[in-house]
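K.L.:
target.cif (mmCIF, C-alpha atoms and all ligand atoms) pasted underneath:
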```
data_coords
loop_
_atom_site.group_PDB
_atom_site.id
_atom_site.type_symbol
_atom_site.label_atom_id
_atom_site.label_comp_id
_atom_site.auth_asym_id
_atom_site.auth_seq_id
_atom_site.Cartn_x
_atom_site.Cartn_y
_atom_site.Cartn_z
ATOM 1 C CA MET J 5 21.817 -9.377 -2.019
ATOM 2 C CA ASN J 6 20.133 -12.349 -0.432
ATOM 3 C CA ASP J 7 22.563 -14.605 1.343
ATOM 4 C CA THR J 8 20.554 -15.241 4.493
ATOM 5 C CA VAL J 9 20.811 -18.977 4.861
ATOM 6 C CA THR J 10 18.220 -19.017 7.596
ATOM 7 C CA ASP J 11 16.964 -15.812 9.138
ATOM 8 C CA ALA J 12 17.162 -16.101 12.896
ATOM 9 C CA PRO J 13 13.802 -17.050 14.479
ATOM 10 C CA ALA J 14 12.093 -14.317 16.486
ATOM 11 C CA THR J 15 12.380 -14.666 20.230
ATOM 12 C CA GLU J 16 10.792 -12.227 22.668
ATOM 13 C CA PRO J 17 13.695 -11.830 25.158
ATOM 14 C CA ALA J 18 16.051 -11.100 22.239
ATOM 15 C CA ALA J 19 13.667 -8.451 20.912
ATOM 16 C CA ALA J 20 13.335 -6.861 24.364
ATOM 17 C CA GLY J 21 17.115 -6.802 24.786
ATOM 18 C CA ARG J 22 17.588 -5.243 21.362
ATOM 19 C CA GLN J 23 14.975 -2.568 22.043
ATOM 20 C CA ALA J 24 16.497 -1.746 25.438
ATOM 21 C CA ARG J 25 19.928 -1.207 23.894
ATOM 22 C CA LEU J 26 18.349 0.842 21.128
ATOM 23 C CA ALA J 27 16.620 3.109 23.654
ATOM 24 C CA GLU J 28 20.024 4.023 25.162
ATOM 25 C CA VAL J 29 21.353 5.465 21.891
ATOM 26 C CA LEU J 30 18.163 6.924 20.442
ATOM 27 C CA ALA J 31 18.653 10.499 19.183
ATOM 28 C CA CYS J 32 16.567 12.997 17.268
ATOM 29 C CA PRO J 33 17.123 12.578 13.502
ATOM 30 C CA ALA J 34 16.698 16.343 13.035
ATOM 31 C CA CYS J 35 18.856 17.863 15.814
ATOM 32 C CA HIS J 36 20.667 14.769 17.251
ATOM 33 C CA ALA J 37 19.554 15.541 20.839
ATOM 34 C CA PRO J 38 18.996 12.372 22.932
ATOM 35 C CA LEU J 39 15.439 10.998 22.700
ATOM 36 C CA ARG J 40 13.586 9.443 25.630
ATOM 37 C CA LEU J 41 10.966 6.717 25.244
ATOM 38 C CA ASP J 42 8.239 7.369 27.827
ATOM 39 C CA GLY J 43 5.968 4.477 26.876
ATOM 40 C CA GLY J 44 3.623 6.596 24.751
ATOM 41 C CA GLU J 45 2.973 6.093 21.064
ATOM 42 C CA THR J 46 4.303 9.495 20.025
ATOM 43 C CA ILE J 47 7.985 10.308 20.526
ATOM 44 C CA VAL J 48 8.723 14.027 20.745
ATOM 45 C CA CYS J 49 12.186 15.615 20.699
ATOM 46 C CA ALA J 50 12.399 17.885 23.772
ATOM 47 C CA ALA J 51 14.986 20.052 21.985
ATOM 48 C CA CYS J 52 13.363 20.710 18.583
ATOM 49 C CA GLY J 53 9.877 19.189 18.663
ATOM 50 C CA HIS J 54 10.566 16.663 15.877
ATOM 51 C CA THR J 55 8.251 13.659 16.260
ATOM 52 C CA GLY J 56 8.361 9.947 15.637
ATOM 53 C CA ARG J 57 6.001 7.108 16.440
ATOM 54 C CA ARG J 58 6.213 3.831 18.279
ATOM 55 C CA ARG J 59 4.064 0.836 17.375
ATOM 56 C CA GLY J 60 4.828 -2.230 19.440
ATOM 57 C CA GLY J 61 8.557 -2.734 19.122
ATOM 58 C CA GLN J 62 8.829 -0.659 15.944
ATOM 59 C CA LEU J 63 9.959 2.975 15.869
ATOM 60 C CA LYS J 64 8.971 5.091 12.880
ATOM 61 C CA PHE J 65 10.759 8.280 11.839
ATOM 62 C CA GLY J 66 10.002 8.825 8.159
ATOM 63 C CA GLY J 67 10.596 6.134 5.532
ATOM 64 C CA PHE J 68 8.774 5.433 2.282
ATOM 65 C CA GLU J 69 5.175 6.270 1.533
ATOM 66 C CA SER J 70 3.318 3.146 0.386
ATOM 67 C CA GLU J 71 2.725 4.702 -3.088
ATOM 68 C CA GLU J 72 6.491 4.900 -3.600
ATOM 69 C CA LEU J 73 6.818 1.186 -2.958
ATOM 70 C CA THR J 74 4.131 0.239 -5.464
ATOM 71 C CA ALA J 75 4.857 2.506 -8.456
ATOM 72 C CA ASP J 76 6.893 -0.098 -10.404
ATOM 73 C CA ALA J 77 4.961 -3.212 -11.526
ATOM 74 C CA LEU J 78 7.545 -5.824 -10.509
ATOM 75 C CA ASN J 79 8.292 -4.006 -7.250
ATOM 76 C CA ARG J 80 4.540 -3.871 -6.503
ATOM 77 C CA ILE J 81 4.464 -7.675 -6.650
ATOM 78 C CA LYS J 82 7.670 -7.896 -4.590
ATOM 79 C CA GLU J 83 6.207 -5.567 -1.931
ATOM 80 C CA PHE J 84 2.999 -7.607 -1.780
ATOM 81 C CA VAL J 85 4.948 -10.860 -1.389
ATOM 82 C CA LYS J 86 7.369 -9.291 1.137
ATOM 83 C CA LYS J 87 4.498 -8.146 3.377
ATOM 84 C CA ARG J 88 2.387 -11.294 2.990
ATOM 85 C CA PHE J 89 5.238 -13.806 3.180
ATOM 86 C CA ASN J 90 7.698 -11.847 5.330
ATOM 87 C CA LYS J 91 9.309 -14.935 6.867
ATOM 88 C CA VAL J 92 9.859 -16.989 3.713
ATOM 89 C CA TYR J 93 10.626 -14.171 1.227
ATOM 90 C CA PRO J 94 14.415 -14.226 1.737
ATOM 91 C CA THR J 95 14.514 -18.020 1.259
ATOM 92 C CA ALA J 96 12.300 -17.895 -1.857
ATOM 93 C CA ILE J 97 14.527 -15.233 -3.397
ATOM 94 C CA LYS J 98 17.569 -17.308 -2.541
ATOM 95 C CA VAL J 99 16.218 -20.276 -4.536
ATOM 96 C CA LEU J 100 14.645 -18.432 -7.507
ATOM 97 C CA SER J 101 17.164 -15.635 -7.928
ATOM 98 C CA PRO J 102 19.797 -15.904 -10.666
ATOM 99 C CA VAL J 103 22.281 -14.337 -8.233
ATOM 100 C CA MET J 104 24.447 -16.508 -6.009
ATOM 101 C CA ASP J 105 25.940 -14.421 -3.233
ATOM 102 C CA ARG J 106 29.193 -15.394 -1.610
ATOM 103 C CA ASN J 107 28.911 -16.008 2.099
ATOM 104 C CA LEU J 108 30.488 -12.797 3.382
ATOM 105 C CA ILE J 109 27.818 -11.216 5.598
ATOM 106 C CA MET J 110 27.536 -13.730 8.445
ATOM 107 C CA PRO J 111 31.339 -14.007 8.899
ATOM 108 C CA PHE J 112 31.434 -10.192 9.080
ATOM 109 C CA LEU J 113 28.692 -10.148 11.750
ATOM 110 C CA ARG J 114 30.499 -12.882 13.670
ATOM 111 C CA SER J 115 33.614 -10.686 13.761
ATOM 112 C CA PHE J 116 31.745 -8.589 16.379
ATOM 113 C CA ASP J 117 30.747 -9.508 19.910
ATOM 114 C CA LEU J 118 27.063 -8.918 19.179
ATOM 115 C CA ASP J 119 26.117 -9.201 22.850
ATOM 116 C CA ARG J 120 28.204 -6.107 23.489
ATOM 117 C CA ASP J 121 28.742 -4.362 20.136
ATOM 118 C CA LEU J 122 25.756 -2.561 18.609
ATOM 119 C CA VAL J 123 25.530 -3.401 14.902
ATOM 120 C CA ALA J 124 22.846 -2.178 12.496
ATOM 121 C CA ASP J 125 21.522 -3.328 9.128
ATOM 122 C CA PHE J 126 21.147 -0.205 6.942
ATOM 123 C CA GLY J 127 18.278 -1.232 4.643
ATOM 124 C CA CYS J 128 17.417 -4.701 5.974
ATOM 125 C CA GLY J 129 14.327 -5.204 3.788
ATOM 126 C CA THR J 130 12.681 -8.359 5.146
ATOM 127 C CA HIS J 131 15.926 -9.799 6.530
ATOM 128 C CA ARG J 132 16.746 -10.347 10.156
ATOM 129 C CA ARG J 133 20.224 -11.793 10.058
ATOM 130 C CA ASP J 134 20.702 -11.922 13.829
ATOM 131 C CA GLN J 135 18.389 -11.116 16.724
ATOM 132 C CA ARG J 136 20.969 -8.716 18.159
ATOM 133 C CA VAL J 137 21.338 -6.658 14.961
ATOM 134 C CA ILE J 138 19.250 -3.462 14.719
ATOM 135 C CA CYS J 139 17.102 -3.667 11.572
ATOM 136 C CA MET J 140 16.555 -0.335 9.798
ATOM 137 C CA ASP J 141 14.690 0.281 6.538
ATOM 138 C CA GLY J 142 12.604 2.829 4.663
ATOM 139 C CA GLY J 143 9.870 0.194 4.288
ATOM 140 C CA THR J 144 7.503 -0.772 7.112
ATOM 141 C CA TYR J 145 8.103 -4.540 7.276
ATOM 142 C CA PRO J 146 7.343 -6.461 10.501
ATOM 143 C CA ASN J 147 11.016 -7.294 11.119
ATOM 144 C CA VAL J 148 12.141 -3.633 11.008
ATOM 145 C CA ASP J 149 13.153 -2.031 14.341
ATOM 146 C CA ILE J 150 13.489 1.523 12.984
ATOM 147 C CA VAL J 151 11.549 2.718 9.949
ATOM 148 C CA THR J 152 13.648 5.669 8.835
ATOM 149 C CA ASP J 153 15.209 7.706 6.094
ATOM 150 C CA LEU J 154 18.679 6.107 6.113
ATOM 151 C CA ARG J 155 20.262 9.555 5.680
ATOM 152 C CA LYS J 156 18.687 10.735 8.961
ATOM 153 C CA VAL J 157 18.813 7.803 11.346
ATOM 154 C CA PRO J 158 17.480 8.467 14.886
ATOM 155 C CA LEU J 159 20.647 7.215 16.616
ATOM 156 C CA ALA J 160 23.452 9.090 18.366
ATOM 157 C CA GLU J 161 26.787 9.840 16.734
ATOM 158 C CA GLY J 162 29.333 7.051 17.269
ATOM 159 C CA SER J 163 26.683 4.703 18.695
ATOM 160 C CA LEU J 164 27.427 1.742 16.382
ATOM 161 C CA ALA J 165 30.359 -0.680 16.389
ATOM 162 C CA GLY J 166 29.424 -1.854 12.924
ATOM 163 C CA GLY J 167 26.899 -1.974 10.153
ATOM 164 C CA ILE J 168 25.952 -3.696 6.940
ATOM 165 C CA SER J 169 24.382 -2.225 3.825
ATOM 166 C CA ILE J 170 23.368 -4.972 1.433
ATOM 167 C CA ALA J 171 22.157 -4.028 -2.049
ATOM 168 C CA VAL J 172 20.925 -0.620 -0.893
ATOM 169 C CA LEU J 173 23.186 2.074 -2.377
ATOM 170 C CA GLU J 174 22.112 1.388 -5.968
ATOM 171 C CA HIS J 175 18.570 2.221 -4.915
ATOM 172 C CA VAL J 176 19.261 5.741 -3.628
ATOM 173 C CA PRO J 177 19.917 8.887 -5.688
ATOM 174 C CA ASP J 178 22.511 10.200 -3.222
ATOM 175 C CA PRO J 179 24.735 7.363 -1.968
ATOM 176 C CA ALA J 180 27.273 9.881 -0.592
ATOM 177 C CA ALA J 181 24.668 11.172 1.885
ATOM 178 C CA HIS J 182 23.977 7.595 3.025
ATOM 179 C CA ILE J 183 27.697 6.884 3.426
ATOM 180 C CA ALA J 184 28.148 10.125 5.405
ATOM 181 C CA GLU J 185 25.404 8.946 7.792
ATOM 182 C CA MET J 186 27.136 5.559 8.209
ATOM 183 C CA HIS J 187 30.298 7.502 9.071
ATOM 184 C CA ARG J 188 28.456 9.638 11.650
ATOM 185 C CA LEU J 189 26.880 6.619 13.333
ATOM 186 C CA LEU J 190 30.015 4.463 13.571
ATOM 187 C CA ARG J 191 32.327 4.850 16.529
ATOM 188 C CA PRO J 192 36.022 5.380 15.664
ATOM 189 C CA GLY J 193 37.381 2.010 14.500
ATOM 190 C CA GLY J 194 33.835 0.863 13.633
ATOM 191 C CA ARG J 195 33.406 -1.151 10.445
ATOM 192 C CA MET J 196 30.840 -1.328 7.613
ATOM 193 C CA LEU J 197 30.289 -4.123 5.086
ATOM 194 C CA VAL J 198 28.609 -2.849 1.915
ATOM 195 C CA PHE J 199 27.356 -4.875 -1.067
ATOM 196 C CA VAL J 200 26.603 -3.102 -4.352
ATOM 197 C CA PRO J 201 25.771 -4.550 -7.780
ATOM 198 C CA PHE J 202 27.903 -4.227 -10.899
ATOM 199 C CA MET J 203 26.468 -6.450 -13.698
ATOM 200 C CA GLN J 204 22.791 -6.580 -12.750
ATOM 201 C CA PRO J 205 19.741 -5.562 -14.788
ATOM 202 C CA PHE J 206 17.571 -2.649 -13.671
ATOM 203 C CA HIS J 207 15.549 -3.590 -10.583
ATOM 204 C CA ALA J 208 13.447 -0.913 -8.896
ATOM 205 C CA SER J 209 13.040 -1.377 -5.119
ATOM 206 C CA PRO J 210 11.388 1.150 -5.223
ATOM 207 C CA TYR J 211 14.094 2.961 -7.293
ATOM 208 C CA ASP J 212 17.322 1.952 -9.040
ATOM 209 C CA PHE J 213 19.985 4.546 -9.873
ATOM 210 C CA GLN J 214 23.519 3.165 -10.283
ATOM 211 C CA ARG J 215 26.105 0.369 -10.604
ATOM 212 C CA TYR J 216 29.715 0.227 -9.410
ATOM 213 C CA THR J 217 32.951 -1.181 -10.801
ATOM 214 C CA GLU J 218 35.495 -2.545 -8.341
ATOM 215 C CA VAL J 219 37.607 0.626 -8.474
ATOM 216 C CA GLY J 220 34.546 2.878 -8.596
ATOM 217 C CA LEU J 221 33.316 1.376 -5.331
ATOM 218 C CA ARG J 222 36.585 2.212 -3.529
ATOM 219 C CA GLU J 223 36.099 5.869 -4.496
ATOM 220 C CA GLN J 224 32.759 6.092 -2.660
ATOM 221 C CA PHE J 225 34.295 5.938 0.840
ATOM 222 C CA PRO J 226 36.855 8.776 1.046
ATOM 223 C CA GLN J 227 36.285 9.310 4.805
ATOM 224 C CA PHE J 228 36.985 5.611 5.583
ATOM 225 C CA GLU J 229 39.939 3.210 5.380
ATOM 226 C CA VAL J 230 39.191 0.518 2.778
ATOM 227 C CA LEU J 231 39.982 -2.877 4.343
ATOM 228 C CA SER J 232 38.974 -5.063 1.373
ATOM 229 C CA VAL J 233 36.960 -5.216 -1.832
ATOM 230 C CA LYS J 234 35.783 -8.674 -2.907
ATOM 231 C CA VAL J 235 33.570 -10.160 -5.605
ATOM 232 C CA GLY J 236 30.287 -10.504 -3.728
ATOM 233 C CA ALA J 237 28.407 -12.305 -6.506
ATOM 234 C CA GLY J 238 30.169 -13.793 -9.495
ATOM 235 C CA PRO J 239 30.117 -13.533 -13.305
ATOM 236 C CA THR J 240 27.615 -16.372 -13.853
ATOM 237 C CA SER J 241 25.091 -14.470 -11.736
ATOM 238 C CA GLY J 242 25.747 -11.354 -13.825
ATOM 239 C CA MET J 243 25.257 -13.263 -17.088
ATOM 240 C CA LEU J 244 22.221 -15.320 -15.982
ATOM 241 C CA TRP J 245 20.052 -12.431 -14.857
ATOM 242 C CA THR J 246 20.776 -10.581 -18.107
ATOM 243 C CA LEU J 247 20.125 -13.770 -20.127
ATOM 244 C CA GLN J 248 16.745 -14.237 -18.420
ATOM 245 C CA GLU J 249 15.715 -10.669 -19.259
ATOM 246 C CA TRP J 250 17.012 -11.135 -22.831
ATOM 247 C CA LEU J 251 15.107 -14.407 -23.355
ATOM 248 C CA ALA J 252 11.867 -12.900 -22.067
ATOM 249 C CA MET J 253 12.282 -10.003 -24.511
ATOM 250 C CA LEU J 254 13.247 -12.227 -27.436
ATOM 251 C CA LEU J 255 10.216 -14.495 -26.992
ATOM 252 C CA SER J 256 7.612 -11.812 -26.220
ATOM 253 C CA PHE J 257 7.554 -10.039 -29.632
ATOM 254 C CA GLY J 258 7.168 -6.572 -28.208
ATOM 255 C CA SER J 259 4.346 -7.466 -25.781
ATOM 256 C CA MET J 260 4.903 -6.419 -22.146
ATOM 257 C CA ARG J 261 2.147 -8.805 -21.077
ATOM 258 C CA LEU J 262 3.935 -11.754 -22.717
ATOM 259 C CA TYR J 263 7.297 -10.556 -21.371
ATOM 260 C CA ARG J 264 5.926 -10.566 -17.799
ATOM 261 C CA ALA J 265 4.444 -14.058 -18.331
ATOM 262 C CA ILE J 266 7.661 -15.501 -19.741
ATOM 263 C CA LEU J 267 10.091 -13.967 -17.258
ATOM 264 C CA PRO J 268 9.208 -16.314 -14.341
ATOM 265 C CA LEU J 269 9.659 -19.297 -16.705
ATOM 266 C CA THR J 270 13.266 -18.247 -17.330
ATOM 267 C CA TRP J 271 13.954 -18.725 -13.603
ATOM 268 C CA ILE J 272 14.393 -22.405 -14.504
ATOM 269 C CA LEU J 273 17.906 -21.367 -15.552
ATOM 270 C CA SER J 274 18.710 -19.886 -12.117
ATOM 271 C CA PRO J 275 20.347 -23.046 -10.672
ATOM 272 C CA LEU J 276 23.197 -22.553 -13.174
ATOM 273 C CA LYS J 277 24.345 -19.877 -10.708
ATOM 274 C CA VAL J 278 26.180 -22.621 -8.772
ATOM 275 C CA LEU J 279 28.919 -22.271 -11.415
ATOM 276 C CA ASP J 280 29.873 -19.134 -9.483
ATOM 277 C CA LEU J 281 31.241 -21.406 -6.755
ATOM 278 C CA LEU J 282 34.153 -21.670 -9.206
ATOM 279 C CA LEU J 283 33.976 -18.510 -11.287
ATOM 280 C CA ALA J 284 33.573 -15.968 -8.459
ATOM 281 C CA ARG J 285 37.143 -16.924 -7.486
ATOM 282 C CA HIS J 286 38.555 -16.555 -11.014
ATOM 283 C CA PRO J 287 41.256 -13.829 -11.195
ATOM 284 C CA ALA J 288 39.200 -12.081 -13.916
ATOM 285 C CA ALA J 289 35.885 -12.354 -12.010
ATOM 286 C CA ALA J 290 35.747 -8.599 -11.305
ATOM 287 C CA VAL J 291 35.397 -7.869 -15.058
ATOM 288 C CA THR J 292 31.803 -9.169 -15.187
ATOM 289 C CA ALA J 293 30.924 -9.814 -11.524
ATOM 290 C CA SER J 294 27.292 -9.413 -10.498
ATOM 291 C CA GLY J 295 28.370 -7.355 -7.492
ATOM 292 C CA PHE J 296 31.092 -6.348 -5.042
ATOM 293 C CA VAL J 297 31.456 -6.269 -1.272
ATOM 294 C CA ILE J 298 33.602 -3.604 0.360
ATOM 295 C CA GLU J 299 34.659 -3.564 4.008
ATOM 296 C CA VAL J 300 35.620 -0.156 5.390
ATOM 297 C CA ARG J 301 36.694 1.206 8.765
ATOM 298 C CA LYS J 302 36.144 4.610 10.322
ATOM 299 C CA PRO J 303 39.629 5.862 11.277
ATOM 300 C CA SER J 304 40.365 5.781 15.020
HETATM 301 ZN ZN ZN J 401 15.343 17.323 17.764
#
```
Re-express the file's structure as structure tokens.
P.N.:
Amino acid sequence: MNDTVTDAPATEPAAAGRQARLAEVLACPACHAPLRLDGGETIVCAACGHTGRRRGGQLKFGGFESEELTADALNRIKEFVKKRFNKVYPTAIKVLSPVMDRNLIMPFLRSFDLDRDLVADFGCGTHRRDQRVICMDGGTYPNVDIVTDLRKVPLAEGSLAGGISIAVLEHVPDPAAHIAEMHRLLRPGGRMLVFVPFMQPFHASPYDFQRYTEVGLREQFPQFEVLSVKVGAGPTSGMLWTLQEWLAMLLSFGSMRLYRAILPLTWILSPLKVLDLLLARHPAAAVTASGFVIEVRKPS
């Protein structure tokens, strides 16, 4: 999902404040013992010896190997563009993408007092939606605060007031393990906002495993209270992306080379996504919606 209107500009005091708050809740991803930052580049767990690394403001405990991010041809291009054009990538995707996301993420973030409440982005990619939000991802992008396996996050139990997970769960083979980690990290009463796709073509980033119906999504969070499930991206978005793939196949006569050349030309149809301003609110929108957003709460 790509609804960042404008990613917040980087400011040094904000980064320092974020890192200071992060240091207070840092915990070993292996044994959950508190971790101390002593200024060195290597971070060692005093309890179990597990290690992480610090480079500038970025902490690294696992994450993807670069080969994993470049195995798929389209994802290889995406990874190159993400690293080279880190700042403009979210905006470019917003314009060229056939998917029009409803504006649900920023209102969710604004429902917290971000100066006081610690909120994390589980799988931020190249997004930084607010300077006070902790950015976590398996990929080593410049905006990421913690490069980590999102099933073993180096933060203490109950350390987060909230979190978002935007278009991440379809990319992991074991979403239940990711959701269990969200549950561990949230304090009682803490809330998560999670976007997942329903009617979207295959898109490796670096993997792609599943889609969710509206009712199927509710079933993924048995340890939480479900506060709401909404259409996160409407039926036009679902149809357009599929139509673009279909056109590129139809006109490429079995040639992958031609298919790859034609696909970007079909992006000319992407502006039709504005029809979702109407159709995402249709009572039948969930039947062919591009994706859903669920808000859940950890019971107090
Ligand atoms: Zn440890």
K.L.:
Residues within 6 Å of ligand ZN 401 (chain J) (only C-alpha atoms and all ligand atoms), as a list in words?
P.N.:
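Sorted by chain and then by number, the residues are Cys32, Ala34, Cys35, His36, Ala37, Cys49, Ala51, Cys52, Gly53 and His54 of chain J.
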K.L.:
Given the selection you just returned, output its residues as a file containing C-alpha atoms, formatted as a short mmCIF file (atom, residue, chain, number, x, y, z; two decimals), in the frame of the given file.
P.N.:
```cif
data_model
loop_
_atom_site.label_atom_id
_atom_site.label_comp_id
_atom_site.auth_asym_id
_atom_site.auth_seq_id
_atom_site.Cartn_x
_atom_site.Cartn_y
_atom_site.Cartn_z
CA CYS J 32 16.57 13.00 17.27
CA ALA J 34 16.70 16.34 13.04
CA CYS J 35 18.86 17.86 15.81
CA HIS J 36 20.67 14.77 17.25
CA ALA J 37 19.55 15.54 20.84
CA CYS J 49 12.19 15.62 20.70
CA ALA J 51 14.99 20.05 21.98
CA CYS J 52 13.36 20.71 18.58
CA GLY J 53 9.88 19.19 18.66
CA HIS J 54 10.57 16.66 15.88
#
```
K.L.:
Applying the PyMOL selection byres (((chain J and resi 214) around 12) and not hetatm) to the file I just gave you, which residues come out? Please list them as number ranges by chain.
P.N.:
J: 171-179, 200-208, 211-213, 215-217, 220-221, 295
K.L.:
Please, what distance in Å, to one decimal, runs between CA of Ser274 (chain J) and CA of Leu247 (chain J)?
P.N.:
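Result for CA of Ser274 (chain J) versus CA of Leu247 (chain J): 10.2 Å, one decimal.
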K.L.:
Record the distance separating CA of Ser101 (chain J) and CA of Arg195 (chain J), expressed in Å with one decimal.
P.N.:
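Separating CA of Ser101 (chain J) from CA of Arg195 (chain J) is a distance of 28.5 Å.
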K.L.:
Under the PyMOL selection byres (((chain J and resi 138-155) around 9) and not hetatm), which residues of this model are included? Write them out as a VMD selection string.
P.N.:
chain J and resid 14 22 to 23 26 33 61 to 70 73 86 to 87 90 to 91 122 to 137 156 to 158 181 to 186
K.L.:
Expand the PyMOL selection byres (((chain J and resi 292) around 10) and not hetatm) into the individual residues it matches in the shown file, reporting them as a ChimeraX atom specification.
P.N.:
/J:202-204,217,235,237-243,284,288-291,293-295
K.L.:
Just add N, CA, C and O atoms to region 197-208 of chain J and send it as a compact mmCIF listing (two decimals), in the coordinates of the input.
P.N.:
```txt
# COMPACT_ATOMS: atom_id res chain seq x y z
N LEU J 197 30.20 -3.21 6.23
CA LEU J 197 30.29 -4.12 5.09
C LEU J 197 29.19 -3.71 4.11
O LEU J 197 28.01 -3.65 4.50
N VAL J 198 29.57 -3.39 2.87
CA VAL J 198 28.61 -2.85 1.92
C VAL J 198 28.64 -3.67 0.62
O VAL J 198 29.70 -3.84 0.02
N PHE J 199 27.48 -4.20 0.23
CA PHE J 199 27.36 -4.88 -1.07
C PHE J 199 26.69 -3.93 -2.05
O PHE J 199 25.66 -3.32 -1.75
N VAL J 200 27.26 -3.84 -3.26
CA VAL J 200 26.60 -3.10 -4.35
C VAL J 200 26.69 -3.94 -5.62
O VAL J 200 27.63 -4.72 -5.80
N PRO J 201 25.73 -3.79 -6.54
CA PRO J 201 25.77 -4.55 -7.78
C PRO J 201 26.67 -3.89 -8.83
O PRO J 201 26.88 -2.68 -8.80
N PHE J 202 27.20 -4.73 -9.71
CA PHE J 202 27.90 -4.23 -10.90
C PHE J 202 27.12 -4.67 -12.15
O PHE J 202 26.39 -3.87 -12.73
N MET J 203 27.18 -5.97 -12.52
CA MET J 203 26.47 -6.45 -13.70
C MET J 203 25.11 -7.03 -13.29
O MET J 203 24.95 -8.23 -13.13
N GLN J 204 24.15 -6.14 -13.06
CA GLN J 204 22.79 -6.58 -12.75
C GLN J 204 21.82 -5.73 -13.55
O GLN J 204 22.02 -4.52 -13.66
N PRO J 205 20.77 -6.35 -14.10
CA PRO J 205 19.74 -5.56 -14.79
C PRO J 205 19.06 -4.57 -13.83
O PRO J 205 19.13 -4.71 -12.61
N PHE J 206 18.36 -3.62 -14.43
CA PHE J 206 17.57 -2.65 -13.67
C PHE J 206 16.59 -3.38 -12.77
O PHE J 206 15.90 -4.31 -13.21
N HIS J 207 16.54 -3.00 -11.50
CA HIS J 207 15.55 -3.59 -10.58
C HIS J 207 15.12 -2.54 -9.57
O HIS J 207 15.84 -2.23 -8.65
N ALA J 208 13.94 -1.96 -9.78
CA ALA J 208 13.45 -0.91 -8.90
C ALA J 208 13.02 -1.51 -7.56
O ALA J 208 12.38 -2.55 -7.53
```
